[in-house]
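Dropping input-v5.pdb in here (PDB, C-alpha atoms, pLDDT in the B column):
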ATOM      1  CA  MET N   1       0.000   0.000   0.000  1.00 32.00           C
ATOM      2  CA  GLU N   2       1.493   3.300  -1.069  1.00 43.00           C
ATOM      3  CA  GLN N   3       1.513   6.268   1.294  1.00 49.00           C
ATOM      4  CA  PHE N   4       1.467   9.032  -1.364  1.00 48.00           C
ATOM      5  CA  ASN N   5      -1.329  10.293  -3.535  1.00 51.00           C
ATOM      6  CA  ASP N   6      -0.374  11.530  -7.015  1.00 51.00           C
ATOM      7  CA  GLU N   7       0.046  15.163  -5.901  1.00 55.00           C
ATOM      8  CA  GLU N   8       2.347  14.257  -2.982  1.00 67.00           C
ATOM      9  CA  LYS N   9       4.743  11.869  -4.732  1.00 81.00           C
ATOM     10  CA  PRO N  10       8.343  13.023  -4.392  1.00 90.00           C
ATOM     11  CA  ILE N  11       9.947  14.105  -7.653  1.00 93.00           C
ATOM     12  CA  VAL N  12      13.610  13.445  -8.399  1.00 94.00           C
ATOM     13  CA  THR N  13      16.029  15.905 -10.004  1.00 95.00           C
ATOM     14  CA  CYS N  14      18.521  14.882 -12.669  1.00 94.00           C
ATOM     15  CA  ASN N  15      21.681  13.159 -11.466  1.00 96.00           C
ATOM     16  CA  TYR N  16      24.561  15.665 -11.308  1.00 95.00           C
ATOM     17  CA  GLY N  17      28.020  14.191 -11.804  1.00 94.00           C
ATOM     18  CA  SER N  18      29.302  10.906 -13.177  1.00 93.00           C
ATOM     19  CA  VAL N  19      28.379   7.270 -12.689  1.00 93.00           C
ATOM     20  CA  LEU N  20      31.039   4.670 -13.445  1.00 87.00           C
ATOM     21  CA  ASP N  21      30.569   0.914 -13.823  1.00 88.00           C
ATOM     22  CA  GLU N  22      31.951   0.327 -10.339  1.00 89.00           C
ATOM     23  CA  SER N  23      29.922   3.146  -8.724  1.00 92.00           C
ATOM     24  CA  LYS N  24      27.722   2.172  -5.793  1.00 94.00           C
ATOM     25  CA  LEU N  25      24.281   3.739  -5.365  1.00 96.00           C
ATOM     26  CA  TYR N  26      23.043   5.101  -2.028  1.00 96.00           C
ATOM     27  CA  ASP N  27      19.416   6.194  -2.348  1.00 96.00           C
ATOM     28  CA  MET N  28      17.063   7.327   0.418  1.00 94.00           C
ATOM     29  CA  LYS N  29      14.046   6.007  -1.494  1.00 93.00           C
ATOM     30  CA  ASP N  30      15.554   2.503  -1.695  1.00 94.00           C
ATOM     31  CA  ILE N  31      15.955   2.530   2.096  1.00 93.00           C
ATOM     32  CA  LEU N  32      12.668   4.155   3.189  1.00 92.00           C
ATOM     33  CA  LYS N  33      10.423   3.034   0.269  1.00 89.00           C
ATOM     34  CA  ASP N  34       7.037   4.792   0.519  1.00 89.00           C
ATOM     35  CA  LYS N  35       7.764   6.213   3.997  1.00 92.00           C
ATOM     36  CA  MET N  36       9.939   9.097   2.737  1.00 93.00           C
ATOM     37  CA  LEU N  37       7.523  11.778   3.924  1.00 93.00           C
ATOM     38  CA  ASN N  38       7.741  10.389   7.465  1.00 95.00           C
ATOM     39  CA  TYR N  39      11.309  11.719   7.680  1.00 96.00           C
ATOM     40  CA  LYS N  40      12.862  15.192   7.696  1.00 96.00           C
ATOM     41  CA  ILE N  41      16.517  16.004   7.021  1.00 97.00           C
ATOM     42  CA  THR N  42      18.156  17.334  10.193  1.00 98.00           C
ATOM     43  CA  LYS N  43      21.913  17.314   9.578  1.00 98.00           C
ATOM     44  CA  ILE N  44      24.465  16.759   6.821  1.00 98.00           C
ATOM     45  CA  LYS N  45      28.078  15.739   7.502  1.00 98.00           C
ATOM     46  CA  CYS N  46      30.644  15.521   4.717  1.00 97.00           C
ATOM     47  CA  GLN N  47      34.244  14.384   4.556  1.00 96.00           C
ATOM     48  CA  ILE N  48      36.122  16.445   2.000  1.00 96.00           C
ATOM     49  CA  LYS N  49      39.635  16.407   0.622  1.00 92.00           C
ATOM     50  CA  SER N  50      41.205  19.791   0.071  1.00 86.00           C
ATOM     51  CA  ASN N  51      40.522  21.018  -3.475  1.00 85.00           C
ATOM     52  CA  GLU N  52      39.500  17.519  -4.654  1.00 89.00           C
ATOM     53  CA  GLY N  53      35.917  16.931  -3.613  1.00 92.00           C
ATOM     54  CA  ILE N  54      33.633  14.988  -1.301  1.00 95.00           C
ATOM     55  CA  TYR N  55      34.805  11.596  -0.038  1.00 95.00           C
ATOM     56  CA  GLY N  56      32.190  10.764   2.564  1.00 95.00           C
ATOM     57  CA  ILE N  57      28.712  11.850   3.535  1.00 96.00           C
ATOM     58  CA  GLU N  58      26.276  11.116   6.349  1.00 97.00           C
ATOM     59  CA  LEU N  59      22.657  12.238   6.145  1.00 97.00           C
ATOM     60  CA  PHE N  60      20.629  12.415   9.343  1.00 98.00           C
ATOM     61  CA  TYR N  61      16.836  12.401   9.434  1.00 97.00           C
ATOM     62  CA  ARG N  62      14.202  12.724  12.160  1.00 97.00           C
ATOM     63  CA  ASN N  63      11.302  10.318  12.079  1.00 97.00           C
ATOM     64  CA  LEU N  64       8.257  12.611  12.266  1.00 95.00           C
ATOM     65  CA  ILE N  65       6.146   9.900  13.878  1.00 96.00           C
ATOM     66  CA  ASP N  66       8.345   8.810  16.801  1.00 96.00           C
ATOM     67  CA  GLY N  67      10.781  11.772  16.892  1.00 96.00           C
ATOM     68  CA  LYS N  68      13.920   9.623  16.708  1.00 97.00           C
ATOM     69  CA  GLU N  69      16.906  10.871  14.726  1.00 96.00           C
ATOM     70  CA  THR N  70      18.773   8.361  12.602  1.00 96.00           C
ATOM     71  CA  SER N  71      21.456   8.224   9.956  1.00 97.00           C
ATOM     72  CA  ILE N  72      19.810   7.033   6.716  1.00 96.00           C
ATOM     73  CA  ILE N  73      22.786   7.288   4.346  1.00 96.00           C
ATOM     74  CA  ASN N  74      26.299   6.887   5.735  1.00 95.00           C
ATOM     75  CA  VAL N  75      29.332   6.718   3.447  1.00 94.00           C
ATOM     76  CA  GLN N  76      32.592   6.930   5.405  1.00 92.00           C
ATOM     77  CA  SER N  77      35.909   7.191   3.570  1.00 90.00           C
ATOM     78  CA  LYS N  78      39.183   5.678   4.783  1.00 87.00           C
ATOM     79  CA  GLU N  79      41.104   8.315   2.817  1.00 89.00           C
ATOM     80  CA  LYS N  80      43.667  10.230   4.928  1.00 90.00           C
ATOM     81  CA  ASP N  81      43.711  13.953   5.672  1.00 91.00           C
ATOM     82  CA  LEU N  82      39.989  14.573   5.244  1.00 95.00           C
ATOM     83  CA  ILE N  83      38.230  17.646   6.580  1.00 96.00           C
ATOM     84  CA  GLU N  84      34.791  17.236   8.172  1.00 96.00           C
ATOM     85  CA  GLN N  85      32.046  19.734   7.370  1.00 97.00           C
ATOM     86  CA  VAL N  86      28.783  19.647   9.338  1.00 98.00           C
ATOM     87  CA  PHE N  87      25.578  21.596   8.824  1.00 98.00           C
ATOM     88  CA  ASP N  88      22.710  21.292  11.320  1.00 98.00           C
ATOM     89  CA  LEU N  89      19.460  22.424   9.743  1.00 98.00           C
ATOM     90  CA  CYS N  90      18.012  23.509  13.126  1.00 97.00           C
ATOM     91  CA  GLY N  91      14.444  22.950  11.933  1.00 95.00           C
ATOM     92  CA  ASP N  92      14.956  24.545   8.497  1.00 97.00           C
ATOM     93  CA  TYR N  93      13.906  22.982   5.208  1.00 96.00           C
ATOM     94  CA  ILE N  94      16.196  22.823   2.185  1.00 97.00           C
ATOM     95  CA  ILE N  95      14.664  24.783  -0.710  1.00 97.00           C
ATOM     96  CA  ASP N  96      17.569  24.991  -3.156  1.00 97.00           C
ATOM     97  CA  MET N  97      20.716  23.129  -4.079  1.00 97.00           C
ATOM     98  CA  ARG N  98      23.582  23.926  -6.424  1.00 97.00           C
ATOM     99  CA  VAL N  99      26.397  21.623  -7.499  1.00 97.00           C
ATOM    100  CA  TRP N 100      29.959  22.013  -8.737  1.00 97.00           C
ATOM    101  CA  ILE N 101      31.218  19.551 -11.352  1.00 95.00           C
ATOM    102  CA  ASN N 102      34.872  19.320 -12.483  1.00 92.00           C
ATOM    103  CA  ASN N 103      36.171  18.690 -16.004  1.00 89.00           C
ATOM    104  CA  ASP N 104      35.942  14.915 -15.428  1.00 88.00           C
ATOM    105  CA  ILE N 105      32.201  15.385 -14.752  1.00 88.00           C
ATOM    106  CA  LYS N 106      32.727  14.448 -11.116  1.00 91.00           C
ATOM    107  CA  LEU N 107      30.898  16.123  -8.249  1.00 94.00           C
ATOM    108  CA  ILE N 108      33.365  18.257  -6.276  1.00 95.00           C
ATOM    109  CA  GLY N 109      30.923  20.288  -4.196  1.00 96.00           C
ATOM    110  CA  PHE N 110      27.311  21.116  -3.459  1.00 97.00           C
ATOM    111  CA  GLU N 111      25.535  23.920  -1.669  1.00 97.00           C
ATOM    112  CA  ILE N 112      22.203  23.971   0.101  1.00 97.00           C
ATOM    113  CA  VAL N 113      19.925  26.925   0.820  1.00 97.00           C
ATOM    114  CA  THR N 114      17.273  26.763   3.534  1.00 97.00           C
ATOM    115  CA  ASN N 115      13.906  28.434   3.920  1.00 96.00           C
ATOM    116  CA  ARG N 116      15.548  30.908   6.355  1.00 97.00           C
ATOM    117  CA  ASN N 117      18.177  31.772   3.701  1.00 96.00           C
ATOM    118  CA  ARG N 118      20.953  29.910   5.477  1.00 97.00           C
ATOM    119  CA  ILE N 119      23.521  28.772   2.913  1.00 97.00           C
ATOM    120  CA  PHE N 120      26.164  26.079   3.347  1.00 97.00           C
ATOM    121  CA  LYS N 121      28.660  24.763   0.800  1.00 97.00           C
ATOM    122  CA  PHE N 122      30.164  21.290   1.064  1.00 97.00           C
ATOM    123  CA  GLY N 123      33.362  20.702  -0.894  1.00 96.00           C
ATOM    124  CA  TYR N 124      34.770  23.000  -3.549  1.00 94.00           C
ATOM    125  CA  GLY N 125      34.154  24.556  -6.913  1.00 93.00           C
ATOM    126  CA  LYS N 126      34.761  27.649  -9.000  1.00 93.00           C
ATOM    127  CA  ASP N 127      32.111  29.821 -10.648  1.00 92.00           C
ATOM    128  CA  GLU N 128      32.647  28.211 -14.058  1.00 94.00           C
ATOM    129  CA  GLN N 129      32.010  24.750 -12.528  1.00 95.00           C
ATOM    130  CA  LEU N 130      28.673  25.734 -10.955  1.00 95.00           C
ATOM    131  CA  VAL N 131      25.514  23.979 -12.096  1.00 95.00           C
ATOM    132  CA  LYS N 132      22.148  25.333 -10.969  1.00 94.00           C
ATOM    133  CA  ILE N 133      19.280  22.865 -10.720  1.00 95.00           C
ATOM    134  CA  PRO N 134      16.396  24.095 -12.894  1.00 94.00           C
ATOM    135  CA  ASP N 135      13.763  22.126 -10.949  1.00 93.00           C
ATOM    136  CA  LEU N 136      14.501  24.209  -7.852  1.00 94.00           C
ATOM    137  CA  LYS N 137      14.978  27.688  -9.357  1.00 92.00           C
ATOM    138  CA  ASN N 138      11.620  29.090  -8.180  1.00 91.00           C
ATOM    139  CA  LEU N 139      12.319  28.194  -4.529  1.00 90.00           C
ATOM    140  CA  ASP N 140       8.816  26.708  -4.278  1.00 93.00           C
ATOM    141  CA  LYS N 141       9.971  23.163  -3.471  1.00 95.00           C
ATOM    142  CA  ILE N 142      11.340  21.383  -0.402  1.00 96.00           C
ATOM    143  CA  ILE N 143      14.146  18.867  -0.745  1.00 96.00           C
ATOM    144  CA  ILE N 144      13.203  15.814   1.306  1.00 96.00           C
ATOM    145  CA  GLY N 145      16.075  13.481   0.493  1.00 95.00           C
ATOM    146  CA  PHE N 146      19.069  12.553  -1.597  1.00 97.00           C
ATOM    147  CA  GLY N 147      20.617   9.841  -3.667  1.00 96.00           C
ATOM    148  CA  LEU N 148      24.256   9.616  -4.627  1.00 96.00           C
ATOM    149  CA  TYR N 149      26.826   7.507  -6.388  1.00 96.00           C
ATOM    150  CA  VAL N 150      30.158   6.628  -4.799  1.00 94.00           C
ATOM    151  CA  ASN N 151      33.219   5.597  -6.789  1.00 88.00           C
ATOM    152  CA  GLU N 152      35.505   2.740  -5.770  1.00 75.00           C
ATOM    153  CA  GLY N 153      37.842   5.157  -3.953  1.00 69.00           C
ATOM    154  CA  ASN N 154      34.860   6.318  -1.861  1.00 70.00           C
ATOM    155  CA  SER N 155      34.683   9.708  -3.513  1.00 89.00           C
ATOM    156  CA  ILE N 156      31.155  10.933  -4.132  1.00 94.00           C
ATOM    157  CA  SER N 157      30.898  11.199  -7.915  1.00 94.00           C
ATOM    158  CA  SER N 158      27.302  12.435  -8.293  1.00 96.00           C
ATOM    159  CA  ILE N 159      24.227  13.514  -6.370  1.00 97.00           C
ATOM    160  CA  TYR N 160      20.513  14.025  -6.957  1.00 97.00           C
ATOM    161  CA  ALA N 161      17.651  15.188  -4.749  1.00 97.00           C
ATOM    162  CA  TYR N 162      14.048  14.256  -4.059  1.00 96.00           C
ATOM    163  CA  TYR N 163      11.666  17.149  -3.613  1.00 96.00           C
ATOM    164  CA  ILE N 164       7.997  17.987  -3.167  1.00 95.00           C
ATOM    165  CA  ASN N 165       6.050  21.199  -3.720  1.00 93.00           C
ATOM    166  CA  LYS N 166       5.913  23.428  -0.624  1.00 88.00           C
ATOM    167  CA  SER N 167       2.125  23.406  -0.784  1.00 83.00           C
ATOM    168  CA  ASN N 168       2.121  19.642  -0.121  1.00 73.00           C
TER     169      ASN N 168
END
Produce structure tokens that represent the structure in this file.
Amino acid sequence: MEQFNDEEKPIVTCNYGSVLDESKLYDMKDILKDKMLNYKITKIKCQIKSNEGIYGIELFYRNLIDGKETSIINVQSKEKDLIEQVFDLCGDYIIDMRVWINNDIKLIGFEIVTNRNRIFKFGYGKDEQLVKIPDLKNLDKIIIGFGLYVNEGNSISSIYAYYINKSN
């Protein structure tokens, strides 16, 4: 039995970055199935390597039914000399996301914007590497989850987001 009606079904953005044969998929929808709307993103932690990109990511969600916080996606890199970046949403919703892609079409950074105009960038990227996500340009959506691909070396090679209309 599906939890969503047609107007509430989460929509997925395009995948931004590269997917190689050996890439492993981490997708919130695969984990939570039709219970995605029962969870809200609360915190994002990333492991980054200076000027190279994102090597690990942990996404925390609060179950809106029982109030428990849990890590839904957790990719930890064994790479040395990583820097940890953490952003606590403090009750905010994510309404926009931008990504930075290098010449190899690999994700090297992403930025989130919340409903209270708090902005946080994970990783790196120059202006000419910036990719704006057309689905989110009107700021009338809420990002409810993510999916990503991880390369063999545990670097995050691409990312996509699930979103719903604010009115839902």
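Reported to one decimal place, the separation of atom CA of Glu69 of chain N from atom CA of Lys40 of chain N is 9.2 Å.
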For this structure, which residues satisfy the selection - the PyMOL selection byres ((chain N and resi 144) around 12) - when it is evaluated on the file as given? I want them as a compact mmCIF listing (two decimals) with C-alpha atoms, keeping the file's coordinate frame.
# COMPACT_ATOMS: atom_id res chain seq x y z
CA GLU N 8 2.35 14.26 -2.98
CA LYS N 9 4.74 11.87 -4.73
CA PRO N 10 8.34 13.02 -4.39
CA ILE N 11 9.95 14.10 -7.65
CA VAL N 12 13.61 13.44 -8.40
CA THR N 13 16.03 15.90 -10.00
CA MET N 28 17.06 7.33 0.42
CA LYS N 29 14.05 6.01 -1.49
CA LEU N 32 12.67 4.16 3.19
CA LYS N 35 7.76 6.21 4.00
CA MET N 36 9.94 9.10 2.74
CA LEU N 37 7.52 11.78 3.92
CA ASN N 38 7.74 10.39 7.46
CA TYR N 39 11.31 11.72 7.68
CA LYS N 40 12.86 15.19 7.70
CA ILE N 41 16.52 16.00 7.02
CA THR N 42 18.16 17.33 10.19
CA LEU N 59 22.66 12.24 6.14
CA PHE N 60 20.63 12.42 9.34
CA TYR N 61 16.84 12.40 9.43
CA ARG N 62 14.20 12.72 12.16
CA ASP N 92 14.96 24.54 8.50
CA TYR N 93 13.91 22.98 5.21
CA ILE N 94 16.20 22.82 2.18
CA ILE N 95 14.66 24.78 -0.71
CA ASP N 96 17.57 24.99 -3.16
CA MET N 97 20.72 23.13 -4.08
CA THR N 114 17.27 26.76 3.53
CA LYS N 141 9.97 23.16 -3.47
CA ILE N 142 11.34 21.38 -0.40
CA ILE N 143 14.15 18.87 -0.74
CA GLY N 145 16.08 13.48 0.49
CA PHE N 146 19.07 12.55 -1.60
CA GLY N 147 20.62 9.84 -3.67
CA TYR N 160 20.51 14.02 -6.96
CA ALA N 161 17.65 15.19 -4.75
CA TYR N 162 14.05 14.26 -4.06
CA TYR N 163 11.67 17.15 -3.61
CA ILE N 164 8.00 17.99 -3.17
CA ASN N 165 6.05 21.20 -3.72
CA LYS N 166 5.91 23.43 -0.62
CA ASN N 168 2.12 19.64 -0.12
Translate the PyMOL selection byres ((chain N and resi 88) around 8), as applied to the file shown, into an explicit residue set as number ranges by chain. N: 42-44, 86-87, 89-90
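Between atom CA of Glu84 of chain N and atom CA of Val131 of chain N the separation is 23.3 Å.
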Rank N:Ile108, N:Val113, N:Ile119, N:Val150 by their smallest atom-to-atom distance to Leu136 of chain N, using all atoms listed in the file, and report the top residue only.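 Of N:Ile108, N:Val113, N:Ile119, N:Val150, the one nearest Leu136 of chain N is N:Val113, counting all atoms listed in the file.
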Target residues per the PyMOL selection byres ((chain N and resi 51) around 9), formatted as a list of chain:residue names: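 Evaluating the PyMOL selection byres ((chain N and resi 51) around 9) on these coordinates yields N:Ile48, N:Lys49, N:Ser50, N:Glu52, N:Gly53, N:Ile108, N:Gly123, N:Tyr124, N:Gly125.
The interatomic distance for the pair atom CA of Arg98 of chain N and atom CA of Ile112 of chain N works out to 6.7 Å.
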For each of N:Ile73, N:Glu152, N:Gln85, N:Lys121, take the minimum atom-to-atom distance to Asp30 of chain N, counting all atoms listed in the file, then give the residue where this is smallest. N:Ile73
Counting all atoms listed in the file, which of N:Ser158, N:Asn151, N:Asn115, N:Asn102 gets nearest to Asp127 of chain N?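 Among the listed residues, N:Asn102 lies closest to Asp127 of chain N.
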Would you mind telling me which residue in N:Cys46, N:Ile133, N:Leu25, N:Leu82 lies nearest to Gly109 of chain N when using only C-alpha atoms? N:Cys46
Could you list, as a compact mmCIF listing (two decimals) with C-alpha atoms, in the coordinates of the input, every residue within 8 Å of Val75 of chain N, counting all atoms listed in the file and ignoring same-chain residues fewer than 3 positions away?
# COMPACT_ATOMS: atom_id res chain seq x y z
CA GLY N 56 32.19 10.76 2.56
CA ILE N 57 28.71 11.85 3.54
CA GLU N 58 26.28 11.12 6.35
CA ASN N 154 34.86 6.32 -1.86
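Nearest residue to Ile54 of chain N, choosing from N:Lys132, N:Ile156, N:Asn74, N:Asp21 and counting only C-alpha atoms: N:Ile156.
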